[in-house]
file entry22.txt (compact mmCIF, N, CA and C atoms)
# COMPACT_ATOMS: atom_id res chain seq x y z
N MET A 1 -0.67 16.22 -2.17
CA MET A 1 0.39 15.54 -1.46
C MET A 1 0.34 14.06 -1.79
N THR A 2 1.48 13.47 -2.00
CA THR A 2 1.57 12.05 -2.34
C THR A 2 0.89 11.19 -1.28
N ALA A 3 0.23 10.14 -1.74
CA ALA A 3 -0.42 9.18 -0.84
C ALA A 3 0.06 7.79 -1.22
N TYR A 4 -0.07 6.88 -0.26
CA TYR A 4 0.44 5.53 -0.45
C TYR A 4 -0.60 4.50 -0.05
N ALA A 5 -0.65 3.42 -0.82
CA ALA A 5 -1.37 2.22 -0.42
C ALA A 5 -0.28 1.26 0.04
N ILE A 6 -0.39 0.81 1.28
CA ILE A 6 0.63 -0.07 1.85
C ILE A 6 -0.04 -1.36 2.30
N ALA A 7 0.53 -2.47 1.87
CA ALA A 7 -0.01 -3.78 2.25
C ALA A 7 1.07 -4.58 2.95
N HIS A 8 0.70 -5.19 4.07
CA HIS A 8 1.56 -6.17 4.74
C HIS A 8 0.98 -7.52 4.37
N ILE A 9 1.71 -8.25 3.57
CA ILE A 9 1.24 -9.52 3.02
C ILE A 9 1.95 -10.69 3.71
N ARG A 10 1.16 -11.63 4.24
CA ARG A 10 1.72 -12.80 4.89
C ARG A 10 2.17 -13.83 3.85
N PRO A 11 3.06 -14.71 4.23
CA PRO A 11 3.49 -15.76 3.28
C PRO A 11 2.29 -16.54 2.78
N ALA A 12 2.33 -16.88 1.50
CA ALA A 12 1.22 -17.61 0.88
C ALA A 12 1.75 -18.50 -0.24
N THR A 13 0.94 -19.45 -0.59
CA THR A 13 1.25 -20.33 -1.71
C THR A 13 0.77 -19.67 -3.00
N VAL A 14 1.62 -19.62 -3.98
CA VAL A 14 1.23 -19.06 -5.27
C VAL A 14 0.28 -20.03 -5.97
N ASN A 15 -0.81 -19.48 -6.48
CA ASN A 15 -1.78 -20.28 -7.23
C ASN A 15 -2.34 -19.43 -8.37
N GLU A 16 -3.27 -19.96 -9.13
CA GLU A 16 -3.81 -19.24 -10.29
C GLU A 16 -4.48 -17.93 -9.90
N ASP A 17 -5.26 -17.90 -8.81
CA ASP A 17 -5.91 -16.66 -8.39
C ASP A 17 -4.88 -15.57 -8.06
N VAL A 18 -3.85 -15.94 -7.32
CA VAL A 18 -2.82 -14.98 -6.94
C VAL A 18 -2.09 -14.47 -8.18
N LEU A 19 -1.77 -15.35 -9.09
CA LEU A 19 -1.09 -14.93 -10.32
C LEU A 19 -1.98 -14.01 -11.16
N GLU A 20 -3.26 -14.32 -11.23
CA GLU A 20 -4.18 -13.45 -11.97
C GLU A 20 -4.26 -12.07 -11.32
N TYR A 21 -4.31 -12.03 -9.99
CA TYR A 21 -4.32 -10.76 -9.27
C TYR A 21 -3.08 -9.94 -9.64
N ILE A 22 -1.92 -10.56 -9.58
CA ILE A 22 -0.68 -9.85 -9.89
C ILE A 22 -0.66 -9.38 -11.35
N GLU A 23 -1.15 -10.21 -12.24
CA GLU A 23 -1.17 -9.86 -13.66
C GLU A 23 -2.10 -8.69 -13.96
N ARG A 24 -3.19 -8.56 -13.21
CA ARG A 24 -4.21 -7.57 -13.52
C ARG A 24 -4.13 -6.29 -12.71
N ILE A 25 -3.43 -6.27 -11.58
CA ILE A 25 -3.46 -5.11 -10.70
C ILE A 25 -2.91 -3.84 -11.35
N GLN A 26 -1.87 -3.97 -12.14
CA GLN A 26 -1.25 -2.79 -12.77
C GLN A 26 -2.28 -1.97 -13.55
N SER A 27 -3.11 -2.63 -14.32
CA SER A 27 -4.09 -1.91 -15.13
C SER A 27 -5.14 -1.21 -14.28
N THR A 28 -5.37 -1.67 -13.03
CA THR A 28 -6.33 -0.98 -12.16
C THR A 28 -5.74 0.30 -11.59
N MET A 29 -4.43 0.37 -11.48
CA MET A 29 -3.77 1.54 -10.89
C MET A 29 -3.53 2.65 -11.92
N GLU A 30 -3.31 2.28 -13.17
CA GLU A 30 -2.92 3.24 -14.20
C GLU A 30 -3.87 4.43 -14.34
N PRO A 31 -5.21 4.24 -14.32
CA PRO A 31 -6.09 5.40 -14.46
C PRO A 31 -5.97 6.41 -13.31
N PHE A 32 -5.39 5.99 -12.19
CA PHE A 32 -5.26 6.84 -11.01
C PHE A 32 -3.80 7.28 -10.78
N GLU A 33 -2.96 7.02 -11.79
CA GLU A 33 -1.54 7.37 -11.76
C GLU A 33 -0.79 6.68 -10.61
N GLY A 34 -1.25 5.48 -10.25
CA GLY A 34 -0.57 4.71 -9.22
C GLY A 34 0.60 3.94 -9.81
N ARG A 35 1.64 3.79 -8.99
CA ARG A 35 2.78 3.00 -9.45
C ARG A 35 3.41 2.29 -8.26
N PHE A 36 3.89 1.10 -8.53
CA PHE A 36 4.55 0.33 -7.48
C PHE A 36 5.85 1.02 -7.08
N LEU A 37 6.05 1.16 -5.79
CA LEU A 37 7.32 1.64 -5.24
C LEU A 37 8.07 0.49 -4.60
N VAL A 38 7.33 -0.46 -4.04
CA VAL A 38 7.90 -1.68 -3.47
C VAL A 38 6.94 -2.82 -3.85
N HIS A 39 7.48 -3.88 -4.43
CA HIS A 39 6.63 -5.02 -4.81
C HIS A 39 7.51 -6.25 -4.97
N GLY A 40 7.25 -7.25 -4.17
CA GLY A 40 7.99 -8.50 -4.29
C GLY A 40 9.37 -8.50 -3.68
N ALA A 41 9.71 -7.44 -2.98
CA ALA A 41 11.05 -7.36 -2.37
C ALA A 41 11.09 -8.13 -1.06
N GLU A 42 12.23 -8.71 -0.78
CA GLU A 42 12.43 -9.38 0.50
C GLU A 42 12.68 -8.31 1.56
N VAL A 43 12.00 -8.41 2.69
CA VAL A 43 12.18 -7.42 3.74
C VAL A 43 13.35 -7.81 4.64
N GLU A 44 14.02 -6.83 5.16
CA GLU A 44 15.07 -7.05 6.16
C GLU A 44 14.51 -6.56 7.49
N VAL A 45 14.14 -7.48 8.35
CA VAL A 45 13.53 -7.15 9.63
C VAL A 45 14.62 -6.74 10.61
N VAL A 46 14.53 -5.52 11.13
CA VAL A 46 15.54 -5.03 12.08
C VAL A 46 14.97 -4.84 13.48
N GLU A 47 13.63 -4.83 13.61
CA GLU A 47 12.99 -4.75 14.93
C GLU A 47 11.68 -5.51 14.90
N GLY A 48 11.45 -6.31 15.90
CA GLY A 48 10.18 -6.99 16.07
C GLY A 48 9.89 -8.04 15.01
N PRO A 49 8.80 -8.78 15.23
CA PRO A 49 8.42 -9.80 14.25
C PRO A 49 7.74 -9.16 13.04
N PHE A 50 7.97 -9.70 11.88
CA PHE A 50 7.35 -9.18 10.66
C PHE A 50 7.27 -10.31 9.65
N PRO A 51 6.27 -11.17 9.77
CA PRO A 51 6.14 -12.25 8.79
C PRO A 51 5.65 -11.71 7.46
N GLY A 52 6.21 -12.19 6.40
CA GLY A 52 5.72 -11.81 5.08
C GLY A 52 6.53 -10.71 4.42
N THR A 53 5.84 -9.92 3.63
CA THR A 53 6.50 -8.87 2.86
C THR A 53 5.60 -7.64 2.85
N VAL A 54 6.06 -6.61 2.18
CA VAL A 54 5.30 -5.36 2.09
C VAL A 54 5.20 -4.94 0.63
N VAL A 55 4.08 -4.31 0.32
CA VAL A 55 3.86 -3.72 -1.01
C VAL A 55 3.53 -2.26 -0.78
N VAL A 56 4.15 -1.38 -1.55
CA VAL A 56 3.87 0.05 -1.46
C VAL A 56 3.56 0.57 -2.86
N VAL A 57 2.41 1.22 -2.98
CA VAL A 57 2.00 1.83 -4.23
C VAL A 57 1.84 3.32 -3.99
N GLY A 58 2.46 4.15 -4.81
CA GLY A 58 2.36 5.59 -4.68
C GLY A 58 1.31 6.16 -5.62
N PHE A 59 0.58 7.16 -5.13
CA PHE A 59 -0.42 7.89 -5.91
C PHE A 59 -0.15 9.38 -5.76
N PRO A 60 -0.55 10.20 -6.72
CA PRO A 60 -0.30 11.64 -6.62
C PRO A 60 -0.96 12.29 -5.40
N ASP A 61 -2.08 11.73 -4.95
CA ASP A 61 -2.78 12.31 -3.79
C ASP A 61 -3.74 11.27 -3.21
N MET A 62 -4.29 11.60 -2.04
CA MET A 62 -5.18 10.67 -1.33
C MET A 62 -6.47 10.44 -2.11
N ALA A 63 -6.96 11.43 -2.81
CA ALA A 63 -8.20 11.26 -3.57
C ALA A 63 -8.03 10.15 -4.62
N ARG A 64 -6.89 10.13 -5.30
CA ARG A 64 -6.68 9.09 -6.31
C ARG A 64 -6.41 7.73 -5.67
N ALA A 65 -5.74 7.71 -4.53
CA ALA A 65 -5.54 6.43 -3.83
C ALA A 65 -6.88 5.84 -3.42
N ARG A 66 -7.75 6.68 -2.85
CA ARG A 66 -9.09 6.20 -2.45
C ARG A 66 -9.90 5.76 -3.67
N ALA A 67 -9.84 6.56 -4.74
CA ALA A 67 -10.60 6.23 -5.95
C ALA A 67 -10.14 4.91 -6.54
N TRP A 68 -8.81 4.66 -6.54
CA TRP A 68 -8.30 3.37 -7.03
C TRP A 68 -8.85 2.22 -6.20
N TYR A 69 -8.73 2.34 -4.87
CA TYR A 69 -9.15 1.24 -4.01
C TYR A 69 -10.65 0.96 -4.18
N ALA A 70 -11.44 2.00 -4.32
CA ALA A 70 -12.89 1.85 -4.44
C ALA A 70 -13.34 1.53 -5.86
N SER A 71 -12.45 1.60 -6.83
CA SER A 71 -12.84 1.40 -8.23
C SER A 71 -13.39 0.00 -8.45
N PRO A 72 -14.38 -0.12 -9.33
CA PRO A 72 -14.92 -1.45 -9.65
C PRO A 72 -13.83 -2.41 -10.15
N ALA A 73 -12.88 -1.90 -10.91
CA ALA A 73 -11.82 -2.77 -11.43
C ALA A 73 -11.00 -3.39 -10.30
N TYR A 74 -10.62 -2.59 -9.30
CA TYR A 74 -9.83 -3.14 -8.21
C TYR A 74 -10.69 -3.97 -7.26
N GLN A 75 -11.88 -3.52 -6.98
CA GLN A 75 -12.77 -4.28 -6.10
C GLN A 75 -13.02 -5.68 -6.64
N ALA A 76 -13.07 -5.81 -7.95
CA ALA A 76 -13.27 -7.13 -8.56
C ALA A 76 -12.07 -8.05 -8.34
N LEU A 77 -10.88 -7.46 -8.18
CA LEU A 77 -9.66 -8.26 -7.97
C LEU A 77 -9.45 -8.69 -6.52
N ILE A 78 -9.94 -7.92 -5.59
CA ILE A 78 -9.64 -8.16 -4.17
C ILE A 78 -9.87 -9.62 -3.75
N PRO A 79 -10.98 -10.25 -4.10
CA PRO A 79 -11.18 -11.65 -3.67
C PRO A 79 -10.10 -12.61 -4.16
N LEU A 80 -9.49 -12.32 -5.31
CA LEU A 80 -8.42 -13.19 -5.79
C LEU A 80 -7.26 -13.22 -4.81
N ARG A 81 -7.04 -12.10 -4.12
CA ARG A 81 -5.97 -12.00 -3.13
C ARG A 81 -6.44 -12.50 -1.76
N THR A 82 -7.58 -11.99 -1.29
CA THR A 82 -8.00 -12.26 0.09
C THR A 82 -8.41 -13.72 0.33
N ARG A 83 -8.79 -14.43 -0.70
CA ARG A 83 -9.11 -15.85 -0.52
C ARG A 83 -7.88 -16.68 -0.20
N HIS A 84 -6.69 -16.15 -0.51
CA HIS A 84 -5.48 -16.95 -0.41
C HIS A 84 -4.35 -16.32 0.40
N ILE A 85 -4.42 -15.01 0.60
CA ILE A 85 -3.31 -14.32 1.26
C ILE A 85 -3.87 -13.46 2.40
N ALA A 86 -3.36 -13.69 3.60
CA ALA A 86 -3.74 -12.85 4.74
C ALA A 86 -2.89 -11.59 4.73
N GLY A 87 -3.46 -10.52 5.21
CA GLY A 87 -2.70 -9.28 5.29
C GLY A 87 -3.58 -8.09 5.56
N GLU A 88 -2.95 -6.95 5.68
CA GLU A 88 -3.64 -5.69 5.91
C GLU A 88 -3.27 -4.72 4.81
N VAL A 89 -4.20 -3.82 4.48
CA VAL A 89 -3.96 -2.78 3.49
C VAL A 89 -4.39 -1.46 4.10
N ILE A 90 -3.53 -0.45 4.01
CA ILE A 90 -3.87 0.88 4.50
C ILE A 90 -3.59 1.90 3.41
N LEU A 91 -4.29 3.02 3.49
CA LEU A 91 -4.01 4.18 2.66
C LEU A 91 -3.51 5.26 3.61
N VAL A 92 -2.43 5.92 3.23
CA VAL A 92 -1.85 6.94 4.11
C VAL A 92 -1.27 8.07 3.28
N GLU A 93 -1.45 9.28 3.77
CA GLU A 93 -0.90 10.44 3.09
C GLU A 93 0.54 10.66 3.51
N GLY A 94 1.36 11.04 2.57
CA GLY A 94 2.76 11.33 2.86
C GLY A 94 2.93 12.71 3.48
N VAL A 95 4.16 13.11 3.66
CA VAL A 95 4.47 14.42 4.20
C VAL A 95 5.05 15.29 3.09
N PRO A 96 4.96 16.62 3.23
CA PRO A 96 5.53 17.49 2.19
C PRO A 96 7.06 17.41 2.18
N ALA A 97 7.64 17.84 1.09
CA ALA A 97 9.10 17.78 0.92
C ALA A 97 9.84 18.54 2.02
N ASP A 98 9.23 19.58 2.55
CA ASP A 98 9.90 20.39 3.58
C ASP A 98 9.54 19.96 5.01
N TYR A 99 8.98 18.78 5.17
CA TYR A 99 8.59 18.29 6.50
C TYR A 99 9.79 18.22 7.43
N ASP A 100 9.58 18.67 8.67
CA ASP A 100 10.63 18.65 9.69
C ASP A 100 10.04 18.06 10.96
N ALA A 101 10.49 16.89 11.36
CA ALA A 101 9.96 16.19 12.53
C ALA A 101 10.13 17.02 13.81
N ARG A 102 11.12 17.90 13.83
CA ARG A 102 11.32 18.74 15.02
C ARG A 102 10.12 19.64 15.26
N LYS A 103 9.50 20.12 14.19
CA LYS A 103 8.30 20.97 14.34
C LYS A 103 7.14 20.16 14.90
N THR A 104 7.02 18.92 14.46
CA THR A 104 5.97 18.04 15.00
C THR A 104 6.22 17.79 16.48
N ALA A 105 7.47 17.50 16.84
CA ALA A 105 7.79 17.27 18.26
C ALA A 105 7.49 18.51 19.08
N ALA A 106 7.82 19.69 18.58
CA ALA A 106 7.56 20.94 19.31
C ALA A 106 6.06 21.14 19.52
N ALA A 107 5.25 20.86 18.49
CA ALA A 107 3.80 21.01 18.62
C ALA A 107 3.25 20.00 19.61
N LEU A 108 3.74 18.76 19.57
CA LEU A 108 3.30 17.75 20.53
C LEU A 108 3.70 18.11 21.95
N ARG A 109 4.92 18.66 22.09
CA ARG A 109 5.41 19.09 23.40
C ARG A 109 4.52 20.20 23.95
N ALA A 110 4.20 21.16 23.13
CA ALA A 110 3.36 22.29 23.56
C ALA A 110 1.97 21.80 23.93
N ALA A 111 1.38 20.92 23.11
CA ALA A 111 0.05 20.41 23.38
C ALA A 111 -0.01 19.61 24.67
N ALA A 112 1.09 18.92 25.00
CA ALA A 112 1.14 18.11 26.22
C ALA A 112 1.58 18.92 27.43
N GLY A 113 1.95 20.17 27.21
CA GLY A 113 2.40 21.01 28.31
C GLY A 113 3.77 20.61 28.83
N LEU A 114 4.62 20.11 27.98
CA LEU A 114 5.95 19.65 28.41
C LEU A 114 7.04 20.61 27.95
call {"tool": "encode", "arguments": {"input": "entry22.txt", "output": "structure tokens"}}
result
Amino acid sequence: MTAYAIAHIRPATVNEDVLEYIERIQSTMEPFEGRFLVHGAEVEVVEGPFPGTVVVVGFPDMARARAWYASPAYQALIPLRTRHIAGEVILVEGVPADYDARKTAAALRAAAGL
């Protein structure tokens, strides 16, 4: 099942470290079949506060997403970003193509006795 690395990145000043991070990240994802789905796009905030932007990287599965994040190549890049840009990064598994939220609601309803 597809997995995603999602980062909420706060506004930051572009500098040499940040540029090097951006220049090198692609090559760290390629061995794990990762690809950018969202990168550098301006967000349209429709609810609540949301400073900054979002980055979404897709991987074929959670094992490859975890392997990419833990890889020596990516771990070496992380300080280039974290020294200059505040934010959070999560890994999350997607849902199957036939996912139906109504089934999830029914299971939650049954579990809660409602």
call {"tool": "closest_residue", "arguments": {"input": "entry22.txt", "among": "A:Ala86, A:Ala73, A:Val92, A:Ile25", "to": "Ile6 in chain A", "atoms": "all atoms listed in the file"}}
result
A:Val92
call {"tool": "closest_residue", "arguments": {"input": "entry22.txt", "among": "A:Met1, A:Ala111, A:Val55, A:Ala12", "to": "Val43 in chain A", "atoms": "only C-alpha atoms"}}
result
A:Val55
call {"tool": "atom_distance", "arguments": {"input": "entry22.txt", "atom1": "CA of Val95 in chain A", "atom2": "CA of Thr2 in chain A"}}
result
7.5 Å
call {"tool": "select_by_dssp", "arguments": {"input": "entry22.txt", "residues": "chain A", "states": "helix (DSSP H, G or I)", "output": "JSON, numbers by chain"}}
result
{"A": [16, 17, 18, 19, 20, 21, 22, 23, 24, 25, 26, 27, 28, 29, 30, 31, 32, 62, 63, 64, 65, 66, 67, 68, 69, 70, 72, 73, 74, 75, 76, 77, 78, 79, 80, 81, 82, 101, 102, 103, 104, 105, 106, 107, 108, 109, 110, 111, 112]}
call {"tool": "atom_distance", "arguments": {"input": "entry22.txt", "atom1": "CA of Phe50 in chain A", "atom2": "CA of Arg10 in chain A"}}
result
8.8 Å
call {"tool": "atom_distance", "arguments": {"input": "entry22.txt", "atom1": "atom N of Glu30 in chain A", "atom2": "atom N of Trp68 in chain A"}}
result
8.9 Å
call {"tool": "residues_around", "arguments": {"input": "entry22.txt", "residues": "Ala65 in chain A", "least_positions_apart": "5", "cutoff": "7 Å", "atoms": "only N, CA and C atoms", "output": "PyMOL selection string"}}
result
chain A and resi 3-5+32+59-60+70+91
call {"tool": "closest_residue", "arguments": {"input": "entry22.txt", "among": "A:Arg24, A:Arg35, A:His8, A:Arg102", "to": "Tyr74 in chain A", "atoms": "all atoms listed in the file"}}
result
A:Arg24
call {"tool": "residues_near_point", "arguments": {"input": "entry22.txt", "point": "(-3.5, -9.1, -10.4)", "cutoff": "8 Å", "atoms": "only N, CA and C atoms", "output": "PyMOL selection string"}}
result
chain A and resi 17-27+77+80-81
call {"tool": "select_by_dssp", "arguments": {"input": "entry22.txt", "residues": "chain A", "states": "strand (DSSP E)", "output": "PyMOL selection string"}}
result
chain A and resi 3-9+35-38+53-59+87-93
call {"tool": "closest_residue", "arguments": {"input": "entry22.txt", "among": "A:Pro79, A:Ile9, A:Glu88, A:Pro72", "to": "Gly52 in chain A", "atoms": "all atoms listed in the file"}}
result
A:Ile9
call {"tool": "build_atoms", "arguments": {"input": "entry22.txt", "residues": "range 48-59 of chain A", "atoms": "all heavy atoms", "output": "JSON list (two decimals), in the frame of the given file"}}
result
[["chain", "number", "residue", "atom", "x", "y", "z"],
["A", 48, "GLY", "N", 11.45, -6.31, 15.90],
["A", 48, "GLY", "CA", 10.18, -6.99, 16.07],
["A", 48, "GLY", "C", 9.89, -8.04, 15.01],
["A", 48, "GLY", "O", 10.61, -8.17, 14.03],
["A", 49, "PRO", "N", 8.80, -8.78, 15.23],
["A", 49, "PRO", "CA", 8.42, -9.80, 14.25],
["A", 49, "PRO", "C", 7.74, -9.16, 13.04],
["A", 49, "PRO", "O", 7.03, -8.17, 13.17],
["A", 49, "PRO", "CB", 7.43, -10.67, 15.02],
["A", 49, "PRO", "CG", 6.85, -9.75, 16.05],
["A", 49, "PRO", "CD", 7.95, -8.78, 16.40],
["A", 50, "PHE", "N", 7.97, -9.70, 11.88],
["A", 50, "PHE", "CA", 7.35, -9.18, 10.66],
["A", 50, "PHE", "C", 7.27, -10.31, 9.65],
["A", 50, "PHE", "O", 8.11, -10.41, 8.75],
["A", 50, "PHE", "CB", 8.15, -8.01, 10.08],
["A", 50, "PHE", "CG", 7.37, -7.21, 9.07],
["A", 50, "PHE", "CD1", 6.59, -6.14, 9.46],
["A", 50, "PHE", "CD2", 7.40, -7.55, 7.73],
["A", 50, "PHE", "CE1", 5.87, -5.40, 8.54],
["A", 50, "PHE", "CE2", 6.69, -6.83, 6.79],
["A", 50, "PHE", "CZ", 5.92, -5.75, 7.20],
["A", 51, "PRO", "N", 6.27, -11.17, 9.77],
["A", 51, "PRO", "CA", 6.14, -12.25, 8.79],
["A", 51, "PRO", "C", 5.65, -11.71, 7.46],
["A", 51, "PRO", "O", 4.81, -10.83, 7.42],
["A", 51, "PRO", "CB", 5.10, -13.17, 9.43],
["A", 51, "PRO", "CG", 4.28, -12.25, 10.28],
["A", 51, "PRO", "CD", 5.22, -11.19, 10.78],
["A", 52, "GLY", "N", 6.21, -12.19, 6.40],
["A", 52, "GLY", "CA", 5.72, -11.81, 5.08],
["A", 52, "GLY", "C", 6.53, -10.71, 4.42],
["A", 52, "GLY", "O", 7.73, -10.58, 4.65],
["A", 53, "THR", "N", 5.84, -9.92, 3.63],
["A", 53, "THR", "CA", 6.50, -8.87, 2.86],
["A", 53, "THR", "C", 5.60, -7.64, 2.85],
["A", 53, "THR", "O", 4.52, -7.63, 3.42],
["A", 53, "THR", "CB", 6.82, -9.35, 1.43],
["A", 53, "THR", "OG1", 7.66, -8.39, 0.79],
["A", 53, "THR", "CG2", 5.58, -9.59, 0.61],
["A", 54, "VAL", "N", 6.06, -6.61, 2.18],
["A", 54, "VAL", "CA", 5.30, -5.36, 2.09],
["A", 54, "VAL", "C", 5.20, -4.94, 0.63],
["A", 54, "VAL", "O", 6.10, -5.20, -0.16],
["A", 54, "VAL", "CB", 5.96, -4.27, 2.97],
["A", 54, "VAL", "CG1", 7.31, -3.88, 2.44],
["A", 54, "VAL", "CG2", 5.07, -3.05, 3.10],
["A", 55, "VAL", "N", 4.08, -4.31, 0.32],
["A", 55, "VAL", "CA", 3.86, -3.72, -1.01],
["A", 55, "VAL", "C", 3.53, -2.26, -0.78],
["A", 55, "VAL", "O", 2.71, -1.93, 0.08],
["A", 55, "VAL", "CB", 2.70, -4.42, -1.75],
["A", 55, "VAL", "CG1", 2.40, -3.73, -3.08],
["A", 55, "VAL", "CG2", 3.01, -5.90, -1.96],
["A", 56, "VAL", "N", 4.15, -1.38, -1.55],
["A", 56, "VAL", "CA", 3.87, 0.05, -1.46],
["A", 56, "VAL", "C", 3.56, 0.57, -2.86],
["A", 56, "VAL", "O", 4.35, 0.37, -3.79],
["A", 56, "VAL", "CB", 5.07, 0.84, -0.87],
["A", 56, "VAL", "CG1", 4.74, 2.33, -0.78],
["A", 56, "VAL", "CG2", 5.47, 0.29, 0.50],
["A", 57, "VAL", "N", 2.41, 1.22, -2.98],
["A", 57, "VAL", "CA", 2.00, 1.83, -4.23],
["A", 57, "VAL", "C", 1.84, 3.32, -3.99],
["A", 57, "VAL", "O", 1.19, 3.73, -3.02],
["A", 57, "VAL", "CB", 0.65, 1.24, -4.73],
["A", 57, "VAL", "CG1", 0.21, 1.92, -6.03],
["A", 57, "VAL", "CG2", 0.76, -0.26, -4.91],
["A", 58, "GLY", "N", 2.46, 4.15, -4.81],
["A", 58, "GLY", "CA", 2.36, 5.59, -4.68],
["A", 58, "GLY", "C", 1.31, 6.16, -5.62],
["A", 58, "GLY", "O", 1.16, 5.70, -6.76],
["A", 59, "PHE", "N", 0.58, 7.16, -5.13],
["A", 59, "PHE", "CA", -0.42, 7.89, -5.91],
["A", 59, "PHE", "C", -0.15, 9.38, -5.76],
["A", 59, "PHE", "O", 0.40, 9.82, -4.74],
["A", 59, "PHE", "CB", -1.84, 7.58, -5.40],
["A", 59, "PHE", "CG", -2.28, 6.17, -5.66],
["A", 59, "PHE", "CD1", -2.03, 5.18, -4.72],
["A", 59, "PHE", "CD2", -2.91, 5.83, -6.83],
["A", 59, "PHE", "CE1", -2.42, 3.87, -4.95],
["A", 59, "PHE", "CE2", -3.30, 4.52, -7.08],
["A", 59, "PHE", "CZ", -3.06, 3.55, -6.14]]
